[in-house]
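Below is the file structure.tsv, which contains TSV, C-alpha atoms.
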chain	number	residue	atom	x	y	z
K	1	MET	CA	12.04	25.83	30.90
K	2	PRO	CA	12.53	26.06	27.11
K	3	GLY	CA	14.46	23.24	25.49
K	4	GLU	CA	16.40	22.96	22.25
K	5	SER	CA	14.78	23.15	18.83
K	6	PHE	CA	15.74	20.37	16.42
K	7	ARG	CA	14.80	18.73	13.15
K	8	PHE	CA	14.99	15.12	11.98
K	9	ILE	CA	13.78	12.82	9.22
K	10	HIS	CA	11.68	9.76	9.97
K	11	ALA	CA	11.50	6.96	7.39
K	12	SER	CA	10.59	3.28	7.47
K	13	ASP	CA	9.53	0.17	5.53
K	14	PHE	CA	12.04	0.48	2.68
K	15	HIS	CA	11.59	-3.22	1.77
K	16	LEU	CA	14.54	-3.17	-0.58
K	17	GLU	CA	13.98	-6.88	-1.15
K	18	LYS	CA	10.49	-6.37	-2.60
K	19	PRO	CA	9.72	-5.27	-6.19
K	20	LEU	CA	6.62	-3.44	-7.34
K	21	GLY	CA	3.63	-5.69	-7.99
K	22	ASP	CA	-0.04	-5.84	-9.05
K	23	LEU	CA	0.94	-5.96	-12.70
K	24	ASP	CA	-0.15	-8.43	-15.35
K	25	GLU	CA	1.45	-6.46	-18.18
K	26	LEU	CA	3.57	-3.36	-18.43
K	27	ALA	CA	4.60	-0.97	-21.17
K	28	PRO	CA	8.25	-1.70	-22.11
K	29	PRO	CA	9.49	1.88	-21.52
K	30	LEU	CA	8.38	1.65	-17.88
K	31	ARG	CA	10.06	-1.64	-17.00
K	32	ASP	CA	13.53	-0.33	-16.21
K	33	GLN	CA	12.17	2.54	-14.12
K	34	MET	CA	9.84	0.23	-12.24
K	35	ALA	CA	12.69	-2.18	-11.48
K	36	THR	CA	14.69	0.54	-9.74
K	37	ALA	CA	11.79	2.57	-8.25
K	38	PRO	CA	12.13	1.21	-4.66
K	39	HIS	CA	15.86	1.91	-4.67
K	40	ASP	CA	15.42	5.37	-6.18
K	41	ALA	CA	12.87	6.26	-3.49
K	42	VAL	CA	15.26	5.17	-0.72
K	43	ASN	CA	18.06	7.15	-2.32
K	44	ALA	CA	15.75	10.18	-2.17
K	45	VAL	CA	15.42	9.67	1.60
K	46	PHE	CA	19.20	9.68	2.05
K	47	GLU	CA	19.62	12.67	-0.26
K	48	ALA	CA	17.07	14.58	1.79
K	49	ALA	CA	18.91	13.66	5.00
K	50	LEU	CA	22.13	15.03	3.49
K	51	SER	CA	20.69	18.19	1.92
K	52	ASN	CA	18.34	19.27	4.71
K	53	ASN	CA	19.58	20.83	7.89
K	54	ILE	CA	18.62	17.86	10.07
K	55	ASP	CA	20.14	16.64	13.31
K	56	PHE	CA	19.56	12.91	12.76
K	57	LEU	CA	17.78	10.24	10.71
K	58	LEU	CA	15.29	7.96	12.44
K	59	LEU	CA	14.41	4.57	10.87
K	60	SER	CA	11.63	2.35	12.19
K	61	GLY	CA	11.81	-1.07	10.67
K	62	ASP	CA	11.58	-3.37	7.65
K	63	LEU	CA	14.36	-1.71	5.67
K	64	LEU	CA	15.39	-4.90	3.91
K	65	HIS	CA	15.75	-8.63	4.29
K	66	PRO	CA	19.54	-8.99	3.99
K	67	GLN	CA	19.51	-12.26	2.07
K	68	SER	CA	16.55	-11.49	-0.23
K	69	ALA	CA	17.70	-7.95	-1.03
K	70	GLY	CA	21.04	-9.22	-2.25
K	71	PRO	CA	24.32	-7.32	-2.58
K	72	TYR	CA	22.74	-4.38	-4.42
K	73	GLY	CA	20.21	-3.66	-1.70
K	74	MET	CA	22.75	-4.14	1.08
K	75	ASN	CA	25.25	-1.86	-0.63
K	76	LEU	CA	22.62	0.84	-1.20
K	77	LEU	CA	21.76	0.93	2.50
K	78	LEU	CA	25.37	0.83	3.71
K	79	ASP	CA	26.40	3.48	1.18
K	80	GLY	CA	23.66	5.79	2.47
K	81	PHE	CA	24.79	5.20	6.04
K	82	GLU	CA	28.40	5.95	5.10
K	83	LYS	CA	27.50	9.24	3.39
K	84	LEU	CA	25.65	10.35	6.50
K	85	HIS	CA	28.63	9.28	8.60
K	86	GLN	CA	30.91	11.52	6.56
K	87	ALA	CA	28.43	14.36	7.05
K	88	ASN	CA	28.44	13.76	10.85
K	89	LYS	CA	24.75	12.89	10.93
K	90	PRO	CA	23.71	10.05	13.24
K	91	VAL	CA	21.25	7.31	12.29
K	92	TYR	CA	19.00	5.55	14.81
K	93	TRP	CA	17.36	2.35	13.64
K	94	ALA	CA	14.67	0.25	15.30
K	95	ALA	CA	14.41	-2.91	13.19
K	96	GLY	CA	11.16	-4.64	12.27
K	97	ASN	CA	10.41	-8.27	11.46
K	98	VAL	CA	12.02	-8.30	8.01
K	99	ASP	CA	15.30	-6.68	9.10
K	100	ASP	CA	15.73	-8.69	12.30
K	101	PRO	CA	19.11	-7.65	13.79
K	102	GLN	CA	20.02	-11.31	14.21
K	103	LYS	CA	19.78	-11.76	10.42
K	104	TRP	CA	22.28	-8.99	9.73
K	105	PRO	CA	25.54	-10.45	8.32
K	106	GLU	CA	28.55	-9.92	10.59
K	107	ALA	CA	30.69	-9.23	7.54
K	108	ALA	CA	28.57	-6.19	6.62
K	109	ALA	CA	29.80	-3.82	9.30
K	110	MET	CA	27.87	-0.59	9.72
K	111	PRO	CA	29.60	2.77	10.23
K	112	SER	CA	29.84	4.10	13.76
K	113	ASN	CA	27.13	6.74	13.25
K	114	VAL	CA	24.44	3.99	13.10
K	115	THR	CA	22.75	2.88	16.31
K	116	LEU	CA	20.71	-0.31	15.84
K	117	PHE	CA	18.37	-0.82	18.78
K	118	SER	CA	18.25	-4.25	20.40
K	119	LYS	CA	15.21	-6.50	20.10
K	120	ASP	CA	15.71	-7.91	23.60
K	121	ARG	CA	15.27	-4.70	25.55
K	122	SER	CA	14.72	-0.99	25.04
K	123	SER	CA	17.65	1.42	24.92
K	124	THR	CA	17.74	5.10	25.84
K	125	VAL	CA	19.95	7.41	23.79
K	126	ASP	CA	20.61	11.09	24.39
K	127	VAL	CA	21.02	12.98	21.12
K	128	ILE	CA	23.81	15.52	21.57
K	129	ARG	CA	24.42	18.68	19.55
K	130	GLY	CA	27.15	21.14	20.46
K	131	GLY	CA	27.65	19.49	23.81
K	132	ARG	CA	23.97	19.79	24.81
K	133	THR	CA	21.20	17.19	24.78
K	134	ILE	CA	18.53	18.17	22.26
K	135	CYS	CA	16.23	15.17	22.80
K	136	ARG	CA	16.09	11.64	24.11
K	137	LEU	CA	15.25	8.50	22.11
K	138	VAL	CA	13.83	5.32	23.61
K	139	GLY	CA	13.99	2.61	20.97
K	140	ARG	CA	13.53	-1.10	20.60
K	141	SER	CA	13.61	-3.37	17.57
K	142	SER	CA	10.70	-5.73	17.02
K	143	ASP	CA	10.60	-8.92	19.06
K	144	GLY	CA	8.47	-10.60	16.40
K	145	ARG	CA	5.05	-9.39	17.52
K	146	SER	CA	2.67	-7.75	15.08
K	147	SER	CA	1.69	-5.16	17.71
K	148	LEU	CA	3.97	-2.78	19.58
K	149	HIS	CA	4.66	-3.96	23.13
K	150	VAL	CA	4.61	-0.57	24.87
K	151	PRO	CA	5.49	-1.96	28.36
K	152	GLY	CA	8.79	-3.08	26.81
K	153	PHE	CA	9.83	0.56	26.35
K	154	GLU	CA	11.06	1.06	29.88
K	155	SER	CA	12.71	4.37	30.63
K	156	GLU	CA	13.32	6.64	33.58
K	157	SER	CA	11.36	9.90	33.61
K	158	SER	CA	13.19	12.88	32.16
K	159	ASP	CA	12.66	16.56	31.39
K	160	GLU	CA	14.12	16.04	27.92
K	161	PHE	CA	11.84	15.80	24.90
K	162	THR	CA	11.42	12.03	24.51
K	163	ILE	CA	10.68	10.15	21.31
K	164	GLY	CA	9.67	6.48	21.25
K	165	VAL	CA	10.99	4.54	18.24
K	166	GLY	CA	9.46	1.16	17.47
K	167	TYR	CA	7.66	-1.19	15.11
K	168	GLY	CA	4.16	-2.66	15.13
K	169	SER	CA	0.50	-1.75	15.41
K	170	ALA	CA	-0.52	0.46	18.32
K	171	THR	CA	-3.34	2.70	19.52
K	172	LEU	CA	-3.16	6.07	21.21
K	173	GLU	CA	-4.41	4.49	24.42
K	174	THR	CA	-1.52	2.03	24.57
K	175	LEU	CA	1.07	4.61	23.49
K	176	ASP	CA	-0.05	7.00	26.23
K	177	GLU	CA	1.07	4.44	28.81
K	178	ALA	CA	4.71	5.29	28.08
K	179	ARG	CA	4.18	9.05	28.56
K	180	PHE	CA	6.57	9.97	25.74
K	181	ASP	CA	6.30	13.28	23.91
K	182	PHE	CA	6.15	11.67	20.47
K	183	TRP	CA	6.32	8.30	18.70
K	184	CYS	CA	7.94	7.37	15.36
K	185	LEU	CA	6.66	3.97	14.27
K	186	GLY	CA	7.02	1.49	11.43
K	187	GLY	CA	5.21	-1.57	10.14
K	188	LYS	CA	2.44	0.13	8.12
K	189	HIS	CA	3.06	0.75	4.43
K	190	ASN	CA	0.43	3.48	4.19
K	191	ARG	CA	0.99	6.67	6.12
K	192	LEU	CA	-0.95	7.08	9.36
K	193	GLU	CA	-0.89	9.94	11.86
K	194	LEU	CA	-2.40	9.45	15.33
K	195	GLU	CA	-3.70	12.63	16.94
K	196	ASN	CA	-4.36	13.42	20.58
K	197	ASP	CA	-6.46	16.53	21.31
K	198	GLY	CA	-5.74	17.86	17.83
K	199	GLN	CA	-1.97	17.35	18.11
K	200	ILE	CA	-0.03	14.65	16.25
K	201	ALA	CA	1.25	12.21	18.86
K	202	ALA	CA	2.55	9.39	16.65
K	203	VAL	CA	3.41	8.85	13.00
K	204	TYR	CA	3.66	5.78	10.79
K	205	CYS	CA	5.42	7.43	7.88
K	206	GLY	CA	4.82	4.46	5.54
K	207	THR	CA	7.01	3.08	2.80
K	208	PRO	CA	8.82	5.50	0.45
K	209	GLN	CA	7.40	3.64	-2.58
K	210	GLY	CA	4.00	1.93	-2.78
K	211	ARG	CA	4.08	-1.64	-4.09
K	212	ASP	CA	0.51	-2.52	-5.13
K	213	LEU	CA	-3.11	-1.44	-5.23
K	214	ASN	CA	-3.38	-1.90	-1.47
K	215	GLU	CA	-0.84	0.93	-1.13
K	216	THR	CA	-2.51	3.71	-3.06
K	217	GLY	CA	-1.75	7.41	-2.85
K	218	GLY	CA	1.46	9.26	-2.05
K	219	HIS	CA	4.35	7.61	-0.21
K	220	GLY	CA	7.52	9.06	1.24
K	221	TYR	CA	8.98	10.12	4.58
K	222	SER	CA	8.49	12.75	7.28
K	223	ILE	CA	10.51	15.82	8.14
K	224	ILE	CA	9.75	16.64	11.77
K	225	ASP	CA	10.50	19.95	13.51
K	226	VAL	CA	10.34	20.43	17.26
K	227	ASP	CA	10.77	23.97	18.55
K	228	ALA	CA	12.08	25.17	21.91
K	229	GLU	CA	8.53	25.18	23.30
K	230	ARG	CA	8.03	21.52	22.29
K	231	ASN	CA	5.64	22.32	19.50
K	232	ILE	CA	5.77	19.62	16.82
K	233	ARG	CA	5.37	20.13	13.09
K	234	VAL	CA	5.23	17.07	10.85
K	235	HIS	CA	5.85	17.57	7.14
K	236	GLU	CA	4.77	14.73	4.84
K	237	THR	CA	7.30	14.53	2.00
K	238	PRO	CA	6.52	12.24	-0.96
K	239	CYS	CA	9.37	10.59	-2.86
K	240	ASP	CA	7.62	7.81	-4.80
K	241	LEU	CA	8.21	7.48	-8.53
K	242	PHE	CA	5.16	5.33	-9.29
K	243	ARG	CA	1.82	6.02	-7.66
K	244	TYR	CA	-0.85	3.35	-7.36
K	245	CYS	CA	-4.46	4.45	-7.76
K	246	SER	CA	-7.66	2.49	-7.23
K	247	VAL	CA	-10.62	4.12	-8.97
K	248	ARG	CA	-14.30	3.19	-8.53
K	249	LEU	CA	-16.84	4.23	-11.15
K	250	ASN	CA	-20.57	3.62	-11.64
K	251	ALA	CA	-23.29	4.21	-14.19
K	252	ALA	CA	-24.12	7.66	-12.80
K	253	ASP	CA	-20.49	8.74	-13.26
K	254	ILE	CA	-20.57	7.54	-16.87
K	255	ALA	CA	-23.84	9.33	-17.59
K	256	SER	CA	-22.46	12.61	-16.25
K	257	VAL	CA	-19.77	12.80	-18.96
K	258	GLY	CA	-21.41	10.87	-21.80
K	259	SER	CA	-19.21	7.79	-22.20
K	260	ILE	CA	-16.95	5.48	-20.25
K	261	GLN	CA	-13.97	6.54	-22.38
K	262	ASN	CA	-14.55	10.21	-21.55
K	263	LEU	CA	-14.88	9.35	-17.87
K	264	ILE	CA	-11.65	7.35	-17.77
K	265	GLY	CA	-9.80	10.13	-19.59
K	266	GLU	CA	-11.16	12.75	-17.19
K	267	ARG	CA	-10.14	10.74	-14.12
K	268	ILE	CA	-6.64	10.12	-15.48
K	269	VAL	CA	-6.10	13.84	-16.09
K	270	ARG	CA	-7.19	14.55	-12.52
K	271	LEU	CA	-4.96	11.82	-11.09
K	272	GLN	CA	-1.95	13.03	-13.08
K	273	HIS	CA	-2.45	16.55	-11.76
K	274	ASP	CA	-2.55	15.28	-8.18
K	275	ALA	CA	0.47	13.01	-8.70
K	276	GLY	CA	2.77	15.83	-9.77
K	277	GLY	CA	4.44	14.20	-12.75
K	278	ARG	CA	4.73	10.68	-11.37
K	279	HIS	CA	3.85	7.55	-13.31
K	280	LEU	CA	0.46	6.09	-12.38
K	281	ILE	CA	-0.51	2.44	-11.97
K	282	ILE	CA	-4.31	2.33	-12.01
K	283	GLY	CA	-6.83	-0.34	-11.10
K	284	TRP	CA	-10.36	0.37	-12.34
K	285	ASP	CA	-13.42	-0.95	-10.52
K	286	ILE	CA	-16.62	-0.30	-12.50
K	287	THR	CA	-20.07	-1.13	-11.17
K	288	ALA	CA	-22.80	-1.94	-13.67
K	289	ASP	CA	-25.84	-0.65	-11.79
K	290	ASP	CA	-28.26	-2.51	-14.05
K	291	GLY	CA	-28.29	-4.54	-17.22
K	292	GLU	CA	-28.63	-1.50	-19.49
K	293	SER	CA	-25.45	0.05	-18.10
K	294	LEU	CA	-23.50	-2.97	-19.35
K	295	THR	CA	-24.01	-1.62	-22.84
K	296	ALA	CA	-22.59	1.76	-21.82
K	297	ILE	CA	-19.54	0.10	-20.31
K	298	GLY	CA	-18.95	-2.33	-23.16
K	299	ASP	CA	-16.41	-5.12	-23.22
K	300	GLY	CA	-14.00	-4.93	-20.31
K	301	GLU	CA	-11.02	-6.39	-22.11
K	302	GLU	CA	-11.37	-4.01	-25.04
K	303	LEU	CA	-11.78	-1.09	-22.65
K	304	LEU	CA	-8.61	-2.03	-20.79
K	305	ASP	CA	-6.65	-2.31	-24.04
K	306	TRP	CA	-7.96	1.10	-25.12
K	307	ALA	CA	-6.92	2.76	-21.84
K	308	ARG	CA	-3.43	1.31	-22.15
K	309	ARG	CA	-3.03	2.50	-25.74
K	310	GLU	CA	-4.32	5.99	-25.05
K	311	TYR	CA	-2.64	6.76	-21.72
K	312	GLY	CA	-0.10	4.05	-20.91
K	313	HIS	CA	2.79	5.27	-23.05
K	314	GLY	CA	3.06	8.93	-22.12
K	315	ALA	CA	5.60	10.79	-20.09
K	316	PRO	CA	4.48	10.42	-17.40
K	317	ALA	CA	2.52	7.28	-18.13
K	318	ALA	CA	-0.85	6.29	-16.70
K	319	TRP	CA	-0.83	2.51	-16.97
K	320	SER	CA	-4.10	0.68	-16.36
K	321	THR	CA	-3.07	-2.58	-14.74
K	322	SER	CA	-6.55	-4.03	-14.22
K	323	LEU	CA	-10.19	-3.36	-14.97
K	324	ARG	CA	-12.99	-5.07	-13.09
K	325	ILE	CA	-16.65	-4.86	-14.03
K	326	ARG	CA	-18.86	-5.62	-11.05
K	327	PRO	CA	-22.07	-7.44	-12.06
K	328	PRO	CA	-25.37	-5.59	-11.72
K	329	GLN	CA	-27.78	-6.65	-9.02
K	330	LYS	CA	-30.75	-6.45	-11.40
K	331	TYR	CA	-31.40	-6.82	-15.10
K	332	PRO	CA	-34.19	-5.30	-17.23
K	333	LYS	CA	-37.61	-6.80	-16.54
K	334	SER	CA	-38.11	-7.32	-20.25
K	335	TRP	CA	-35.15	-9.71	-20.25
K	336	HIS	CA	-36.63	-11.68	-17.36
K	337	ASP	CA	-39.99	-11.94	-19.12
K	338	GLU	CA	-38.57	-13.25	-22.38
K	339	ASP	CA	-39.68	-16.73	-23.43
K	340	THR	CA	-36.05	-17.53	-24.26
K	341	ILE	CA	-33.09	-19.31	-22.75
K	342	LEU	CA	-31.92	-15.89	-21.47
K	343	GLY	CA	-35.24	-15.37	-19.68
K	344	ASP	CA	-35.11	-18.87	-18.17
K	345	TYR	CA	-31.52	-18.29	-17.09
K	346	LEU	CA	-32.28	-14.97	-15.38
K	347	ARG	CA	-35.31	-16.41	-13.59
K	348	ILE	CA	-33.28	-19.31	-12.22
K	349	ALA	CA	-30.50	-16.93	-11.14
K	350	ALA	CA	-33.07	-14.71	-9.39
K	351	ASP	CA	-34.41	-17.71	-7.46
K	352	HIS	CA	-30.89	-18.56	-6.28
K	353	ARG	CA	-30.28	-14.95	-5.29
K	354	LYS	CA	-33.42	-14.90	-3.16
K	355	ALA	CA	-32.01	-17.90	-1.29
K	356	ASP	CA	-28.58	-16.15	-0.91
K	357	GLY	CA	-27.03	-18.86	-3.04
K	358	GLU	CA	-27.51	-21.51	-0.36
K	359	ARG	CA	-28.76	-24.09	-2.88
K	360	ILE	CA	-25.76	-23.71	-5.17
K	361	ASN	CA	-23.97	-27.05	-5.52
K	362	LEU	CA	-21.28	-27.35	-8.18
K	363	LEU	CA	-20.05	-30.81	-7.19
K	364	PRO	CA	-22.26	-32.72	-9.70
K	365	MET	CA	-20.87	-30.54	-12.48
K	366	THR	CA	-17.30	-31.36	-11.53
K	367	GLU	CA	-18.12	-35.08	-11.65
K	368	GLU	CA	-19.04	-34.68	-15.33
K	369	HIS	CA	-15.42	-33.64	-16.05
K	370	PRO	CA	-13.10	-36.32	-14.60
K	371	GLY	CA	-10.07	-34.62	-16.12
K	372	LEU	CA	-10.31	-31.60	-13.80
K	373	PRO	CA	-7.40	-31.23	-11.36
K	374	HIS	CA	-8.27	-32.18	-7.79
K	375	SER	CA	-7.51	-28.65	-6.59
K	376	VAL	CA	-10.06	-27.19	-9.02
K	377	THR	CA	-12.69	-29.76	-8.05
K	378	THR	CA	-12.19	-29.00	-4.37
K	379	LEU	CA	-12.37	-25.26	-4.96
K	380	LEU	CA	-15.63	-25.48	-6.90
K	381	ALA	CA	-17.24	-27.95	-4.52
K	382	GLU	CA	-16.41	-26.00	-1.38
K	383	ILE	CA	-17.31	-22.40	-2.20
K	384	PRO	CA	-17.75	-20.71	1.18
K	385	GLN	CA	-21.14	-19.25	1.92
K	386	THR	CA	-19.68	-15.74	2.03
K	387	ARG	CA	-18.55	-16.10	-1.61
K	388	LYS	CA	-21.61	-17.83	-3.05
K	389	THR	CA	-23.54	-14.63	-3.77
K	390	GLU	CA	-20.50	-13.07	-5.44
K	391	THR	CA	-19.95	-16.23	-7.48
K	392	LEU	CA	-23.61	-16.24	-8.51
K	393	ASP	CA	-23.41	-12.59	-9.62
K	394	GLN	CA	-20.34	-13.29	-11.73
K	395	ALA	CA	-21.91	-16.40	-13.25
K	396	THR	CA	-25.10	-14.50	-14.05
K	397	LEU	CA	-23.14	-11.76	-15.80
K	398	LEU	CA	-21.16	-14.29	-17.83
K	399	GLY	CA	-24.33	-16.12	-18.86
K	400	VAL	CA	-26.06	-12.87	-19.85
K	401	GLU	CA	-23.10	-11.82	-22.00
K	402	LEU	CA	-22.99	-15.18	-23.77
K	403	LEU	CA	-26.73	-15.52	-24.26
K	404	ARG	CA	-27.02	-11.97	-25.62
K	405	GLY	CA	-24.29	-12.68	-28.14
K	406	GLY	CA	-21.64	-10.60	-26.41
K	407	LYS	CA	-18.04	-11.38	-25.65
K	408	PRO	CA	-17.45	-12.57	-22.08
K	409	ASN	CA	-15.07	-10.55	-19.95
K	410	TRP	CA	-12.07	-12.79	-19.34
K	411	VAL	CA	-10.09	-10.07	-17.56
K	412	LYS	CA	-8.84	-11.49	-14.26
K	413	GLN	CA	-11.23	-10.80	-11.41
K	414	SER	CA	-9.71	-10.19	-7.99

Kindly transcribe the structure held in the file into structure tokens.
Amino acid sequence: MPGESFRFIHASDFHLEKPLGDLDELAPPLRDQMATAPHDAVNAVFEAALSNNIDFLLLSGDLLHPQSAGPYGMNLLLDGFEKLHQANKPVYWAAGNVDDPQKWPEAAAMPSNVTLFSKDRSSTVDVIRGGRTICRLVGRSSDGRSSLHVPGFESESSDEFTIGVGYGSATLETLDEARFDFWCLGGKHNRLELENDGQIAAVYCGTPQGRDLNETGGHGYSIIDVDAERNIRVHETPCDLFRYCSVRLNAADIASVGSIQNLIGERIVRLQHDAGGRHLIIGWDITADDGESLTAIGDGEELLDWARREYGHGAPAAWSTSLRIRPPQKYPKSWHDEDTILGDYLRIAADHRKADGERINLLPMTEEHPGLPHSVTTLLAEIPQTRKTETLDQATLLGVELLRGGKPNWVKQS
């Protein structure tokens, strides 16, 4: 028997208490826009809910920490709820760990169109339009777990199209236990769609605005259509103002265009085209395949300054927030064979690399500098085995740069 067709918006992880990060410097013209970017993205979600012909707005967690977000963040959320109330559009909200319902101030009353699901038990809500049920929601706010507790979504079987609304990590196997038609989930800042037999069965729509280089690519919300035959169409709708990009380059990439500056410019043009007029925040990760490619790359700090001057002040801007040069795994044989301090240094480094850095012991060096803070001494003396090879590579690169008369790269490594 055919059901009712309907449309709704799914959004989550607003984090109105959290500013944009991964920045050591920023062009002055971008500062004001960056400060308001998370709020502007959330406003775009509410504007879409008001301007699109939707039946309801579904929110799945971590909208804001009431105390950390402050009055501005609280007012933005409540104002959006009130506008939807005046437009007769209901809001259904399954809270996450940040927006725990028990942390919500009693004085900040929500309008009657907002249903906040309990964290203690699941609730079943029939969504009514024109006197008929168009779908059924089974929602539960987070009980503090990092993973979604599917057995906690108890519900009687029904012929109505049923949507599970929750927060936390989950797999298709666990979600299938509930036998719902669809899931709208929160708790992941990057968008993720889970498919079953080629059909989307669950969506983490992600945060409307990325915050750092771990949240690269487009961010926004979902517009979801369900037709009378229960076919589901999920439309990814970006609303971010700043887009984080992590770009990896190597010597072969540089050789293909002639210079590292040409390569960076080419990649920025491509990223700007894909971003559709948004500001870019870019982290560069450049691998020096061998010692000779270090010359082609040049000084990392100067390269970062150049990229900021050339591309960081446009409209839109492409701001390079970091630039990392990964040390090469090998250096020219002629350098190794030199009867110089550089040759001695490279031969010693090669011996340590063959032993996977197991013989590295920095404690005697720290004892030669009694003025070092205890935290620094402990850090240097207790380098974990998993980091020793990386530390050796970085130290080798620094030594090579100094011994060859170059300027060491003091750009922060992460």

Could you pull the residues within 8 Å of Leu323 (chain K), counting only C-alpha atoms, minus those fewer than 6 positions along the same chain, as a PDB file with C-alpha atoms, in the coordinates of the input?
ATOM      1  CA  GLY K 283      -6.830  -0.340 -11.100  1.00  0.00           C
ATOM      2  CA  TRP K 284     -10.360   0.370 -12.340  1.00  0.00           C
ATOM      3  CA  ASP K 285     -13.420  -0.950 -10.520  1.00  0.00           C
ATOM      4  CA  ILE K 286     -16.620  -0.300 -12.500  1.00  0.00           C
ATOM      5  CA  GLY K 300     -14.000  -4.930 -20.310  1.00  0.00           C
ATOM      6  CA  GLU K 301     -11.020  -6.390 -22.110  1.00  0.00           C
ATOM      7  CA  LEU K 304      -8.610  -2.030 -20.790  1.00  0.00           C
ATOM      8  CA  VAL K 411     -10.090 -10.070 -17.560  1.00  0.00           C
TER       9      VAL K 411
END

> Taking only C-alpha atoms into account, which of K:Asn214, K:Thr366, K:Ser334, K:Ser60 comes nearest Gly164 (chain K)?
Replying inline: K:Ser60

>> Just to confirm, what's the straight-line distance from CA of Asp393 (chain K) to CA of Ala252 (chain K) in Å (one decimal)?
In response: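 Between CA of Asp393 (chain K) and CA of Ala252 (chain K) the gap is 20.5 Å.
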
> Can you tell me, as a list in words, what residues are no more than 9 Å from Gly144 (chain K) when counting only C-alpha atoms, ignoring any on the same chain fewer than 4 positions away?
Replying inline: Gly96, Asn97, Asp100 and Lys119 of chain K

> Which polymer residues have any atom within 10 Å of an atom of Ile224 (chain K), counting all atoms listed in the file, with same-chain residues fewer than 6 positions away left out, as a list in words?
Replying inline: Phe6, Arg7, Phe8, Ile9, His10, Ile54, Ile232, Arg233, Val234, His235 and Glu236 of chain K

> From the set K:Ser256, K:Gln86, K:Ser155, K:Gln209, which residue has the shortest atom-to-atom contact distance to Leu20 (chain K), counting all atoms listed in the file?
Replying inline: K:Gln209

> Could you work out how far CA of Gly220 (chain K) lies from CA of Glu310 (chain K), giving the answer in Å with one decimal?
Replying inline: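 Calculated distance between CA of Glu310 (chain K) and CA of Gly220 (chain K) is 29.0 Å.
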
>> Give me the residues near Ile163 (chain K) as a PyMOL selection string, where near means some atom within 12 Å (using only C-alpha atoms) and where sequence neighbours in that chain fewer than 5 positions away do not count.
In response: chain K and resi 8+10+58+92+123-127+134-140+153+155+158+175+178-185+201-203+224+226+230+232

>> Using all atoms listed in the file for the distances, tell me which of K:Gly186, K:Gly265, K:Gly21, K:Gly217 is nearest to Arg309 (chain K).
In response: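 Between K:Gly186, K:Gly265, K:Gly21, K:Gly217, the residue approaching Arg309 (chain K) most closely is K:Gly265.
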